[in-house]
Every structure is written in C-alpha cells, then in structure tokens.
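Below: one structure, written as structure tokens.
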Amino acid sequence: MLGRTVDDASTGSDSDYSNSWISWFLSSKGNEYFCEIEEDYILDRFNLTGLNNEVTNYAQALDLITDNLDDDIQDELRGALDLQARLLYGLIHARWIVTTRGLAKMLEKFKRADFGRCPRVLCQSQPLLPVGLSDIPYEKSVKLYCGRCEDVYSPKSSRHGSIDGAYFGTSFPHLLFIVYPRLIPPKAGSIEPPQPPRNETDSNKRNRRTREEPDTPEVVDELASTSSVALMADKYRPRIYGFPLHETAKLQRWQEAVRDRQVTRLEALEDLS
C-alpha cells in the first residue's frame with residue numbers, strides 16, 4: 001500500500017519537464033519537504049554506493065535525474081523510469097541532507113517552518129522536522145519530529161503523508177540539532193535534570209527493564225491500572241544511525257540550558273547596575 005501511495009505522491013506530465021527533471025520534481029505538489037540536491041553530489045558515484053541494488057534500471061533512472069537520458073528511449077520507458085527516478089532521488093536525498101551542505105539547506109526550510117508546526121499546545125507552534133521511522137524504502141511513511149516535546153506526528157496533508165520515510169532517514173533531525181545546538185528548543189516549564197541510576201536494587205532494575213521493554217499482552221484487562229496502560233504506550237526514541245542517543249547527552253543538554261538561563265540573568269543584572 002505504501003509503495004503505491006509513494007509512487008502517486010508526485011504529479012505531472014511529460015510536458016512539465018521544461019528545465020530539468022529535478023526542478024520539475026521539486027515543484028510538483030506533495031514534494032515540498034524535499035530540498036534540491038546539488039548536481040556535483042549526484043555525479044559523484046561514491047555518494048551513490050549501493051543504490052544500484054535498491055533501484056531497478058538504476059543507470060537509466062540516474063540519467064533521467066541528471067537529464068542525460070537518451071531521447072530515443074525516453075518515451076518508451078518514461079512512466080516506469082519516473083517511478084524509479086523518484087525512488088533513486090529519495091534515497092540520494094536521505095544521504096544528502098545529513099551532509100554539511102544538505103543540513104544547511106534543510107535548516108533554511110526549518111526556519112521557514114516549511115514542514116509545519118507541532119500541534120501540541122505547550123510546544124507553542126514549534127517548527128517540525130521530517131524523520132523516517134525506517135531507513136528501508138516502502139516500510140514506513142514520513143513523520144514529523146518536534147524537538148521540544150521530542151515526539152513524532154503524522155503530516156496533515158495526505159500528499160505529504162504518503163512520502164516514504166526512507167527519503168529522510170532516521171538520523172536527520174537529531175544530526176541537525178547536534179550540528180546546530182542553538183536550535184534545540186527549551187522545554188516547557190521548569191527544567192529538571194535526568195537522574196542517573198544510583199545503586200539500583202534488583203527489584204528496581206526489573207521495574208526499569210519492564211518500563212523500557214514492556215511486553216504487550218494479547219488482551220488488556222478492563223480493570224488494568226492507569227500506570228500499567230501507560231507503560232504499554234509507545235515512546236519515540238531518537239536514534240542516529242541506529243544508535244539511541246545516550247542519557248549523558250540529555251544531561252549535557254540540560255546543563256547547557258541552565259547555563260544559558262544563568263547568562264541571561266547575569267546580563268539582565270549588569271544592565272540594571
């Protein structure tokens with residue numbers, strides 16, 4: 001189902017290829033989340049390592065993206081190559097946006113809130129970032145990550161909701177905040193530091209393990225407690241290249257936030273004196 005909807009995400013006809021395939025693709029409705037990949041990045045075959053195993057008619061799809069497709073076969077394979085070219089561009093896009101230049105382009109879209117804003121009231125319209133729940137194509141559609149509440153949401157538009165999450169990858173928003181730490185939004189309310197585990201008893205370790213990896217029962221008891229139901233709720237865990245962010249990173253983020261608040265208070269006191 002996802003494969004079919006992703007293929008239908010872009011609209012356009014053969015006559016729409018006025019300037020280049022990439023410009024046509026980016027201007028098509030539903031592709032507003034994508035940024036333009038620089039041509040020299042696409043032409044560097046090292047950046048495309050392994051993608052020939054992911055895309056059918058890889059060489060011809062690449063020629064279509066770079067506007068080098070032979071005119072003699074263009075009409076014959078246009079429909080099929082279009083689908084493969086979109087897949088190839090999406091997979092290259094996932095690699096491009098975690099480079100320095102790619103992050104800079106996505107940063108501009110983030111500052112304009114091109115990806116929308118968090119629907120959670122307490123997040124105060126925090127701009128969102130696209131993220132994939134899987135790096136494998138045709139598995140999960142794209143979601144939107146909020147850096148304030150650290151949760152993910154589905155896009156409002158069905159066109160955006162049909163985009164494959166693999167075209168953005170699971171690491172992108174978290175790498176963006178690492179490269180641009182000043183963009184990390186402050187959390188609502190008072191900031192409490194995460195408490196590191198101290199001399200946990202066997203019982204506490206078992207309870208913590210249960211919270212981290214709860215076993216989902218086949219039938220939920222109607223009289224189940226609220227806490228047990230809450231423990232079964234899924235929680236999005238940020239990952240970079242498959243590795244979850246370490247608790248130390250959260251502590252460091254809290255320390256930097258407290259430092260920034262103290263600096264602001266000191267500057268205010270200096271202004272008054």
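How things are named: the first chain in the structure tokens is A, the next is B, and so on; residues count from 1 in each chain; ligands count from 1 in the order shown.
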key: 6 Å contact set for Ala166 in chain A, only C-alpha atoms, chain neighbours under 6 positions out, as a list in words   = Gly132, Ser134, Asp135, Ile136 and Pro137 of chain A
key: Residue among A:Arg78, A:His174, A:Lys105, A:Arg159 lying closest to Arg237 in chain A, counting only C-alpha atoms   = A:His174
ask   = Given the choices A:Asp271, A:Phe25, A:Val152, A:Leu88, which gets closest to Ala59 in chain A if the distance is worked out from only C-alpha atoms?
value =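 Using only C-alpha atoms, the shortest distance to Ala59 in chain A belongs to A:Leu88.
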key: Residues within 10 Å of range 41-56 of chain A, only C-alpha atoms, excluding chain neighbours under 4 positions, as a ChimeraX atom specification   = /A:37,60-62,65-66,80-81,83-89,91-93,95-96,136-137
ask   = Just how far from CA of Ser125 in chain A is CA of Arg239 in chain A, in Å to one decimal?
value = 23.7 Å
message = Using Å and a single decimal, report how far CA of Ile178 in chain A sits from CA of Lys156 in chain A.
response = 27.2 Å
Gap from CA of Leu128 in chain A to CA of Cys146 in chain A - Å, one decimal =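 It comes out at 5.0 Å.
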ask   = Got a sec: who's within 12 Å of Phe172 in chain A, counting only C-alpha atoms, leaving out chain neighbours fewer than 3 positions off, as number ranges by chain?
value = A: 93-100, 102-104, 106-107, 129-135, 142-145, 165-169, 175-179, 238-242
A:Asp82, A:Ser23, A:Pro186, A:Ser158 ranked by distance to Cys123 in chain A, top pick (using only C-alpha atoms) = A:Pro186
